[in-house]
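Take a look at the structure below.
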Amino acid sequence: MKKETQIVSLGRDKKWTQGVINPPVVRASTMVFDTMEEMRFASKNKANGELFYGRRGGPTHFAFQAAISELEGGVGTALYPSGAAAISNALMSFLKAGDHLLMVDSAYEPTRALCDSLLAGFGVETTYYDPMIGAGIKDLIQDNTKVLFLESPGSITMEVQDVPTLSKIAHEHGIVVMLDNTWASPINSRPFDMGVDISIQAATKYIVGHSDVMMGTATANEAHWEQLRENSYLMGQCISPDDVYLASRGLRTLSVRMAQHEKNALQVANWLATRPEVDHLRHPAFESCPGHEFFKRDFTASNGLFSFVLKEGSSKALTALVENMKHFKMGFSWGGYESLILSVSGIDSIRTATTWDKSKPLIRLHIGLENPDDLIADLEAAFERFN
Ligand SMILES: Cc1ncc(COP(=O)(O)O)c(CNNC(=O)CNC(=O)c2ccccc2[N+](=O)[O-])c1O
């Protein structure tokens with residue numbers, strides 16, 4: 001089945017929908033049983049889609065979990081109140097005091113903060129590595145290394161990692177491989193075909209697609225699903241069926257939205273490449289982006305999120321560039337239908353395994369579903385304010 005057809009049909013089994021098109025919202029904490037036998041059966045099968053208790057979810061959750069598992073290519077998906085919760089629960093489900101974690105240097109900043117504060121406090125040692133390290137990762141592996149965490153492309157600076165090579169080396173040492181796969185969404189890469197054990201999505205972004213739900217998912221392969229599911233349950237992770245309904249609804253248009261985001265973004269990026277103020281683009285589909293060759297090999301398409309680096313720019317000029325835009329808004333997120341702009345500073349101060357030239361300012365764009373001609377006109381006016 002092609003991914004476009006999967007997007008429309010997955011998670012709509014009649015056992016969850018009762019025949020209506022969208023799996024209905026079933027809100028529940030308590031679920032009741034008529035006999036002790038029924039109760040025993042539900043307890044025995046509480047992790048296998050039998051109604052047991054609100055924290056294990058209900059039909060609305062089961063339908064969405066089945067769809068994401070199939071799309072990502074795993075066997076089971078746990079749901080969380082945010083992408084950050086998916087990351088923290090996945091890591092804490094497989095790490096204990098005395099363990100060592102290999103974390104990509106280009107990780108989403110709050111992921112770094114988790115490692116440097118909470119995990120460090122629990123006695124987990126973190127080593128950050130260069131996203132472009134490839135086979136060199138083997139030199140960082142210790143006897144107590146338990147998890148290798150990737151985020152590809154990396155937040156803000158967009159480096160694409162050689163996931164298959166990194167996964168192969170990790171598995172040679174019995175290390176669990178986790179990938180923050182939010183940029184690809186569940187349709188533009190096959191994480192488990194690349195050797196990933198747990199694929200994480202900030203569903204907040206493209207899956208929901210309308211900037212109105214916070215949600216995370218973590219999908220595991222057979223070998224890691226029970227440990228992820230049960231440890232996440234012990235940490236009390238559960239979410240509202242109303243939010244799941246909205247995420248399911250967003251999922252149905254993921255293919256068409258992603259295709260339009262990609263088309264619009266490429267038009268804007270190609271225009272930016274002609275601007276004299278721009279030093280280079282950090283869009284995975286462009287050769288100027290580190291890991292472009294891995295993007296071509298491992299991804300089926302790009303989307304609306306990319307960054308570009310300016311040759312120079314004072315704080316005053318950057319403020320003039322990003323403020324007073326007609327269509328681009330400043331906001332901490334991406335993946336909705338709207339266009340966003342972020343002037344990112346301080347990258348050099350949060351990277352420890354790589355260096356960043358802070359003399360060249362970075363702007364991250366999320367290209368929404370507006371007409372790209374209007375977006376380009378907006379950026380043209382922005383550069384007039386900038387210069
Ligand atoms: C790849 C990836 N993975 C996980 C998450 C977290 O998802 P959540 O927002 O649902 O918790 C995200 C969220 N992304 N958010 C952004 O890129 C914008 N937010 C920020 O820039 C931000 C917000 C708060 C604190 C620090 C930052 N930051 O990245 O510098 C993500 O991009």
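In the structure tokens, the first chain shown is A, the next is B, and so on; residue numbers restart at 1 for each chain, and ligands run from 1 in the order shown.
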field: Protein and nucleic residues near ligand 1, 7 Å, only C-alpha atoms and all ligand atoms, as an NGL selection string
entry: :A and (82-85 or 108-110 or 151 or 155 or 180 or 182-183 or 201-204 or 214-216 or 332-334)
Compile the contact shell of stretch 46-51 of chain A as a PDB file with C-alpha atoms, in the first residue's frame: residues with an atom at most 7 Å away, counting only C-alpha atoms, same-chain residues fewer than 6 positions apart removed.
```
ATOM      1  CA  MET A  31     -13.928   0.877  32.661  1.00  0.00           C
ATOM      2  CA  GLY A  58      -9.182   3.551  24.767  1.00  0.00           C
ATOM      3  CA  PHE A  62      -5.611   2.448  19.941  1.00  0.00           C
TER       4      PHE A  62
END
```
Please report, as a tab-separated table, each residue of stretch 227-290 of chain A lying at most 10 Å from stretch 344-367 of chain A, together with the nearest pair of atoms and the separation in Å rounded to one decimal; use only C-alpha atoms, and order rows by chain and ascending residue number.
```
residue	atom	partner	partner_atom	distance
A:Gln260	CA	A:Ile367	CA	9.5
A:His261	CA	A:Ile367	CA	6.2
A:Glu262	CA	A:Ile367	CA	8.2
A:Lys263	CA	A:Ile367	CA	9.5
A:Asn264	CA	A:Ile367	CA	6.7
A:Ala265	CA	A:Ile367	CA	5.4
A:Leu266	CA	A:Ile367	CA	9.2
A:Gln267	CA	A:Ile367	CA	9.9
A:Val268	CA	A:Ile367	CA	8.1
A:Ala269	CA	A:Ile367	CA	9.6
A:Val278	CA	A:Lys360	CA	9.5
A:Asp279	CA	A:Lys360	CA	8.0
A:His280	CA	A:Leu362	CA	9.8
A:Leu281	CA	A:Leu362	CA	9.6
A:Arg282	CA	A:Arg364	CA	9.0
A:His283	CA	A:Arg364	CA	9.9
```
Excluding A:Glu72 and any residue of its chain fewer than 4 positions from it, enumerate the residues within 9 Å of it, using only C-alpha atoms, and give them as a PDB file with all heavy atoms, in the first residue's frame.
```
ATOM      1  N   ALA A  67      -2.052   3.329  13.620  1.00  0.00           N
ATOM      2  CA  ALA A  67      -1.694   4.050  12.392  1.00  0.00           C
ATOM      3  C   ALA A  67      -0.233   4.498  12.424  1.00  0.00           C
ATOM      4  O   ALA A  67       0.519   4.286  11.461  1.00  0.00           O
ATOM      5  CB  ALA A  67      -2.623   5.255  12.217  1.00  0.00           C
ATOM      6  N   ILE A  68       0.205   5.087  13.526  1.00  0.00           N
ATOM      7  CA  ILE A  68       1.581   5.583  13.613  1.00  0.00           C
ATOM      8  C   ILE A  68       2.573   4.417  13.569  1.00  0.00           C
ATOM      9  O   ILE A  68       3.602   4.483  12.882  1.00  0.00           O
ATOM     10  CB  ILE A  68       1.791   6.422  14.891  1.00  0.00           C
ATOM     11  CG1 ILE A  68       0.887   7.666  14.876  1.00  0.00           C
ATOM     12  CG2 ILE A  68       3.264   6.834  15.036  1.00  0.00           C
ATOM     13  CD1 ILE A  68       1.174   8.658  13.758  1.00  0.00           C
ATOM     14  N   SER A 185       8.710  13.261   9.655  1.00  0.00           N
ATOM     15  CA  SER A 185       7.339  12.830   9.958  1.00  0.00           C
ATOM     16  C   SER A 185       7.283  11.326   9.673  1.00  0.00           C
ATOM     17  O   SER A 185       8.260  10.738   9.218  1.00  0.00           O
ATOM     18  CB  SER A 185       6.302  13.581   9.108  1.00  0.00           C
ATOM     19  OG  SER A 185       6.078  12.925   7.863  1.00  0.00           O
ATOM     20  N   PRO A 186       6.174  10.664   9.891  1.00  0.00           N
ATOM     21  CA  PRO A 186       6.151   9.210   9.671  1.00  0.00           C
ATOM     22  C   PRO A 186       6.148   8.804   8.196  1.00  0.00           C
ATOM     23  O   PRO A 186       6.169   7.630   7.884  1.00  0.00           O
ATOM     24  CB  PRO A 186       4.830   8.762  10.324  1.00  0.00           C
ATOM     25  CG  PRO A 186       4.435   9.851  11.211  1.00  0.00           C
ATOM     26  CD  PRO A 186       4.955  11.114  10.563  1.00  0.00           C
ATOM     27  N   ILE A 187       6.190   9.778   7.266  1.00  0.00           N
ATOM     28  CA  ILE A 187       6.078   9.351   5.859  1.00  0.00           C
ATOM     29  C   ILE A 187       7.324   9.575   5.016  1.00  0.00           C
ATOM     30  O   ILE A 187       7.420   9.006   3.933  1.00  0.00           O
ATOM     31  CB  ILE A 187       4.878  10.052   5.166  1.00  0.00           C
ATOM     32  CG1 ILE A 187       5.045  11.581   5.160  1.00  0.00           C
ATOM     33  CG2 ILE A 187       3.571   9.640   5.798  1.00  0.00           C
ATOM     34  CD1 ILE A 187       4.037  12.274   4.262  1.00  0.00           C
ATOM     35  N   SER A 189      10.646   8.945   5.791  1.00  0.00           N
ATOM     36  CA  SER A 189      11.817   8.077   5.992  1.00  0.00           C
ATOM     37  C   SER A 189      11.319   6.766   6.596  1.00  0.00           C
ATOM     38  O   SER A 189      10.188   6.692   7.072  1.00  0.00           O
ATOM     39  CB  SER A 189      12.843   8.731   6.929  1.00  0.00           C
ATOM     40  OG  SER A 189      12.426   8.602   8.287  1.00  0.00           O
ATOM     41  N   ARG A 190      12.161   5.743   6.567  1.00  0.00           N
ATOM     42  CA  ARG A 190      11.811   4.427   7.127  1.00  0.00           C
ATOM     43  C   ARG A 190      12.824   4.119   8.230  1.00  0.00           C
ATOM     44  O   ARG A 190      13.783   3.388   8.009  1.00  0.00           O
ATOM     45  CB  ARG A 190      11.835   3.360   6.030  1.00  0.00           C
ATOM     46  CG  ARG A 190      10.833   3.557   4.908  1.00  0.00           C
ATOM     47  CD  ARG A 190       9.422   3.258   5.322  1.00  0.00           C
ATOM     48  NE  ARG A 190       9.209   1.862   5.716  1.00  0.00           N
ATOM     49  CZ  ARG A 190       8.041   1.435   6.250  1.00  0.00           C
ATOM     50  NH1 ARG A 190       7.067   2.295   6.482  1.00  0.00           N
ATOM     51  NH2 ARG A 190       7.897   0.171   6.585  1.00  0.00           N
ATOM     52  N   PRO A 191      12.629   4.695   9.443  1.00  0.00           N
ATOM     53  CA  PRO A 191      13.681   4.608  10.481  1.00  0.00           C
ATOM     54  C   PRO A 191      14.111   3.181  10.805  1.00  0.00           C
ATOM     55  O   PRO A 191      15.297   2.912  10.989  1.00  0.00           O
ATOM     56  CB  PRO A 191      13.041   5.290  11.689  1.00  0.00           C
ATOM     57  CG  PRO A 191      11.578   5.377  11.398  1.00  0.00           C
ATOM     58  CD  PRO A 191      11.453   5.425   9.912  1.00  0.00           C
ATOM     59  N   PHE A 192      13.159   2.250  10.837  1.00  0.00           N
ATOM     60  CA  PHE A 192      13.501   0.880  11.244  1.00  0.00           C
ATOM     61  C   PHE A 192      14.265   0.159  10.144  1.00  0.00           C
ATOM     62  O   PHE A 192      15.106  -0.698  10.419  1.00  0.00           O
ATOM     63  CB  PHE A 192      12.236   0.128  11.683  1.00  0.00           C
ATOM     64  CG  PHE A 192      11.586   0.768  12.870  1.00  0.00           C
ATOM     65  CD1 PHE A 192      10.548   1.674  12.717  1.00  0.00           C
ATOM     66  CD2 PHE A 192      12.060   0.530  14.146  1.00  0.00           C
ATOM     67  CE1 PHE A 192       9.979   2.311  13.810  1.00  0.00           C
ATOM     68  CE2 PHE A 192      11.494   1.153  15.255  1.00  0.00           C
ATOM     69  CZ  PHE A 192      10.453   2.050  15.082  1.00  0.00           C
ATOM     70  N   SER A 199      11.737   5.199  17.215  1.00  0.00           N
ATOM     71  CA  SER A 199      11.561   6.402  16.409  1.00  0.00           C
ATOM     72  C   SER A 199      10.604   7.345  17.130  1.00  0.00           C
ATOM     73  O   SER A 199       9.502   6.942  17.516  1.00  0.00           O
ATOM     74  CB  SER A 199      10.989   6.050  15.032  1.00  0.00           C
ATOM     75  OG  SER A 199      10.824   7.225  14.269  1.00  0.00           O
ATOM     76  N   THR A 219       7.781   5.120  18.772  1.00  0.00           N
ATOM     77  CA  THR A 219       7.457   3.826  18.169  1.00  0.00           C
ATOM     78  C   THR A 219       8.674   2.912  18.280  1.00  0.00           C
ATOM     79  O   THR A 219       9.792   3.334  17.969  1.00  0.00           O
ATOM     80  CB  THR A 219       7.074   4.012  16.683  1.00  0.00           C
ATOM     81  OG1 THR A 219       5.961   4.918  16.597  1.00  0.00           O
ATOM     82  CG2 THR A 219       6.697   2.688  16.040  1.00  0.00           C
TER      83      THR A 219
END
```
statement: Between A:Tyr337, A:Trp271, A:Phe41, A:Trp16, smallest distance to A:Ala66 by only C-alpha atoms belongs to A:Trp16
message: I need the residues in stretch 170-379 of chain A that are helix (DSSP H, G or I) according to DSSP; give them as a VMD selection string.
response: chain A and resid 170 to 172 185 to 187 191 to 194 222 to 234 241 to 251 254 to 272 292 to 298 315 to 322 347 to 350 372 to 379
